[in-house]
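**Student:** Supplied in structure tokens, the structure appears directly below.
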Amino acid sequence: MILWGLLASLGAGLMTGVGALPVLFGREISRRTNDMMLGFAAGVMISASFFSLILPGIDQGEVIFGSTVTAALMAAAGIALGAATVAGINRWVPHEHFVSGPEGADPGALSKLWLFILAITIHNFPEGMAVGVGFGGGDVTNGMSLATGIGLQNAPEGLAVALALRGQGYGRLRSVWYATLTGLVEPIGGLIGVAAVSVSVYVLPVGLTFAAGAMLFIISHEIIPETHRHGHQNRATTGLLVGLILMMFLDVTLG
């Protein structure tokens, strides 16, 4: 399962580079379309958080602990811990968003490009961990549905990264390459996730909900505010609903 988790999270991460490929051909994406695509990514992540992580985590907790109340409490603790961990990283690791500007600690001598790459790393790491945790539980279909959904949402994210880099004056090849690199943190998260839950069955319920909490924080703190910043909230909300429904369908049919 460790190899499955590593390969699946690698595939999901590489979709970031696939999504960035239109930049090589000079394709211009409007801000309205970009916000809708990011809304789609948020919908996929919300659906994956609940259908592929939180609900399976509660189910596993009930089996392990024999109590619905204990399973729910463990899930609540996992969600809170995951969100708090990413919030701490977001606060203390220096990074920069091209629209909202610098966040976190004093960046010192780090360039704007590396601050942006750190921001995307913070974003992508929990996604890879979620895929790894999905496989670590021994459920290949759940892991595959997670990898598919996160891969789908990585494509528009990769395009957004490449377009942002192009807007900062970077060349086409360099923009696609850096966008691809930001997705390659996911197999690292995947390896950590699958290894952690493989150590003990008791880690699985918390691991699943921890990954969900981390993703939910990113959705609320980063993605949704970004999609509503330019007055395209109707299209962004439509994209979110489409992404949520598609991921729900994938999870039900594949899982």
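By convention here, the chains of the structure tokens are called A, B, ... in the order presented, each chain's residues are numbered starting at 1, and ligands are numbered starting at 1 in the order presented.
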Quick one: everything within 10 Å of Gly138 in chain A, counting only C-alpha atoms, minus sequence neighbours fewer than 5 positions away in the same chain. Send it as a list in words.
**Tutor:**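 Everything that qualifies: Met1, Ile2, Val133, Gly143, Val194, Val197 and Ser198 of chain A.
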**Student:** Could the residues in this selection be saved with N, CA and C atoms as a compact mmCIF listing (two decimals), in the first residue's frame?
**Tutor:**
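That gives us out15.txt:
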```txt
# COMPACT_ATOMS: atom_id res chain seq x y z
N MET A 1 0.81 -1.22 0.00
CA MET A 1 0.00 0.00 0.00
C MET A 1 0.85 1.28 0.00
N ILE A 2 2.05 1.16 0.59
CA ILE A 2 2.92 2.34 0.61
C ILE A 2 3.29 2.75 -0.82
N VAL A 133 -3.10 8.75 3.01
CA VAL A 133 -3.93 8.22 4.10
C VAL A 133 -5.03 7.33 3.54
N GLY A 143 -8.74 5.27 -2.03
CA GLY A 143 -7.53 5.98 -2.39
C GLY A 143 -7.54 6.45 -3.84
N VAL A 194 0.60 7.64 4.05
CA VAL A 194 0.41 6.19 3.97
C VAL A 194 1.27 5.47 5.00
N VAL A 197 -0.42 5.88 8.75
CA VAL A 197 -1.60 5.06 9.07
C VAL A 197 -1.30 3.57 8.92
N SER A 198 -0.20 3.22 8.26
CA SER A 198 0.18 1.81 8.16
C SER A 198 0.82 1.30 9.44
```
**Student:** Could you produce a table of the residues of range 4-109 of chain A lying within 10 Å of range 220-237 of chain A, with the nearest pair of atoms per residue and their separation in Å rounded to one decimal, using only C-alpha atoms, ordered by chain and increasing residue number, as a Markdown table?
**Tutor:**
```
| residue | atom | partner | partner_atom | distance |
| --- | --- | --- | --- | --- |
| A:Arg31 | CA | A:His230 | CA | 7.9 |
| A:Arg32 | CA | A:His232 | CA | 5.9 |
| A:Thr33 | CA | A:Arg235 | CA | 8.0 |
| A:Asn34 | CA | A:Thr227 | CA | 8.2 |
| A:Asp35 | CA | A:Thr227 | CA | 4.7 |
| A:Met36 | CA | A:Ala236 | CA | 4.1 |
| A:Met37 | CA | A:Ala236 | CA | 7.2 |
| A:Leu38 | CA | A:Thr227 | CA | 6.6 |
| A:Gly39 | CA | A:Ala236 | CA | 4.6 |
| A:Phe40 | CA | A:Ala236 | CA | 7.3 |
| A:Ala41 | CA | A:Ile223 | CA | 8.3 |
| A:Ala42 | CA | A:Ile223 | CA | 6.5 |
| A:Gly43 | CA | A:Thr237 | CA | 8.7 |
| A:Ile46 | CA | A:Ser220 | CA | 9.8 |
| A:Ala87 | CA | A:His221 | CA | 9.0 |
| A:Asn90 | CA | A:His221 | CA | 9.8 |
| A:His97 | CA | A:Glu222 | CA | 9.3 |
| A:Val99 | CA | A:Glu226 | CA | 8.2 |
| A:Ser100 | CA | A:Glu226 | CA | 8.6 |
```
**Student:** Would you write out those residues with C-alpha atoms, as a short mmCIF file (atom, residue, chain, number, x, y, z; two decimals), in the first residue's frame?
**Tutor:**
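Below is the file that was written, out14.cif:
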```cif
data_model
loop_
_atom_site.label_atom_id
_atom_site.label_comp_id
_atom_site.auth_asym_id
_atom_site.auth_seq_id
_atom_site.Cartn_x
_atom_site.Cartn_y
_atom_site.Cartn_z
CA ARG A 31 -9.85 36.08 -14.76
CA ARG A 32 -13.51 35.04 -14.80
CA THR A 33 -12.66 31.58 -16.17
CA ASN A 34 -9.75 31.22 -13.78
CA ASP A 35 -11.97 32.00 -10.78
CA MET A 36 -14.51 29.45 -11.97
CA MET A 37 -11.79 26.81 -12.32
CA LEU A 38 -10.47 27.54 -8.83
CA GLY A 39 -14.06 27.30 -7.57
CA PHE A 40 -14.20 23.86 -9.19
CA ALA A 41 -11.02 22.91 -7.33
CA ALA A 42 -12.56 24.05 -4.04
CA GLY A 43 -15.68 21.96 -4.70
CA ILE A 46 -14.81 19.94 -0.06
CA ALA A 87 -2.84 27.50 10.24
CA ASN A 90 0.61 29.47 7.27
CA HIS A 97 0.29 35.27 -2.71
CA VAL A 99 -2.84 39.06 -5.11
CA SER A 100 -3.01 39.37 -1.31
#
```
**Student:** Considering only C-alpha atoms, state which residue in the set A:Leu10, A:Val252, A:Pro22, A:Gly213 is at the smallest distance from Asn142 in chain A.
**Tutor:**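 Checking each candidate against Asn142 in chain A, we get A:Val252 as the closest.
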**Student:** With a distance cut-off of 7 Å and only C-alpha atoms, select the neighbouring residues of range 214-217 of chain A, excluding the residue or stretch itself and same-chain residues fewer than 3 positions from it, and output the selection as a ChimeraX atom specification.
**Tutor:** /A:45-46,82-83,86,126-127,210-211,220-221
**Student:** Extract, using only C-alpha atoms, all DNA, RNA and protein residues at most 12 Å from Met144 in chain A, discarding same-chain residues fewer than 2 positions from it, and format them as a PyMOL selection string.
**Tutor:** chain A and resi 1+4-9+11-12+48+52+130-136+138-142+146-151+247+250-255
**Student:** Nearest to Val206 in chain A: which of A:Met15, A:Leu159, A:Leu240, A:Leu73 is it, counting only C-alpha atoms?
**Tutor:**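 Looking only at the distances to Val206 in chain A, the closest residue turns out to be A:Leu73.
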**Student:** What does the structure give for the distance between CA of Val93 in chain A and CA of Pro187 in chain A, in Å to one decimal?
**Tutor:** 20.5 Å
**Student:** Between A:Leu14, A:Ile245, A:Leu24, A:Ala160, which one has atoms that come closest to Thr180 in chain A, using only C-alpha atoms?
**Tutor:**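 Using only C-alpha atoms, Thr180 in chain A sits closest to A:Leu14.
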**Student:** So, counting only C-alpha atoms, which residue among A:Ile29, A:Ile79, A:Leu21, A:Val44 is closest to Ile219 in chain A?
**Tutor:** A:Val44
**Student:** Go through A:Ser145, A:Thr238, A:Ser49, A:Asn154 and flag the residue nearest His123 in chain A, using only C-alpha atoms for the distances.
**Tutor:**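 Of A:Ser145, A:Thr238, A:Ser49, A:Asn154, the one nearest His123 in chain A, counting only C-alpha atoms, is A:Asn154.
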**Student:** Need the shell around Gly61 in chain A: protein/DNA/RNA residues with any atom at most 12 Å away, counting only C-alpha atoms. Skip same-chain ones fewer than 5 positions apart. Format as an mmCIF file with C-alpha atoms, in the first residue's frame?
**Tutor:**
```cif
data_model
loop_
_atom_site.group_PDB
_atom_site.id
_atom_site.type_symbol
_atom_site.label_atom_id
_atom_site.label_comp_id
_atom_site.auth_asym_id
_atom_site.auth_seq_id
_atom_site.Cartn_x
_atom_site.Cartn_y
_atom_site.Cartn_z
ATOM 1 C CA LEU A 53 -11.996 11.368 4.514
ATOM 2 C CA ILE A 54 -14.367 12.434 7.294
ATOM 3 C CA LEU A 55 -17.148 9.873 6.784
ATOM 4 C CA PRO A 56 -14.720 6.935 6.268
ATOM 5 C CA GLY A 66 -17.008 0.366 19.145
ATOM 6 C CA SER A 67 -18.683 3.691 19.902
ATOM 7 C CA THR A 68 -20.266 6.287 17.626
ATOM 8 C CA VAL A 69 -19.662 9.048 20.173
ATOM 9 C CA THR A 70 -15.963 8.191 20.496
ATOM 10 C CA ALA A 71 -15.624 7.999 16.698
ATOM 11 C CA ALA A 72 -17.250 11.427 16.317
ATOM 12 C CA LEU A 73 -15.009 12.930 18.998
ATOM 13 C CA MET A 74 -11.918 11.462 17.333
ATOM 14 C CA ALA A 75 -13.057 12.893 13.999
ATOM 15 C CA ALA A 76 -13.616 16.325 15.550
ATOM 16 C CA GLY A 78 -8.565 15.157 13.831
ATOM 17 C CA GLY A 137 -6.322 2.347 5.252
ATOM 18 C CA VAL A 201 -4.844 0.907 12.852
ATOM 19 C CA TYR A 202 -5.621 3.409 15.615
ATOM 20 C CA VAL A 203 -3.968 6.192 13.617
ATOM 21 C CA LEU A 204 -6.315 5.760 10.643
ATOM 22 C CA PRO A 205 -9.441 7.602 11.920
ATOM 23 C CA VAL A 206 -7.394 10.580 13.087
ATOM 24 C CA GLY A 207 -5.211 10.504 9.961
ATOM 25 C CA LEU A 208 -8.211 10.648 7.633
ATOM 26 C CA THR A 209 -9.885 13.517 9.476
#
```
**Student:** Tell me, which residues of range 42-207 of chain A carry DSSP helix (DSSP H, G or I), written as a ChimeraX atom specification?
**Tutor:** /A:42-65,68-92,112-136,140-167,172-183,186-199,203-207
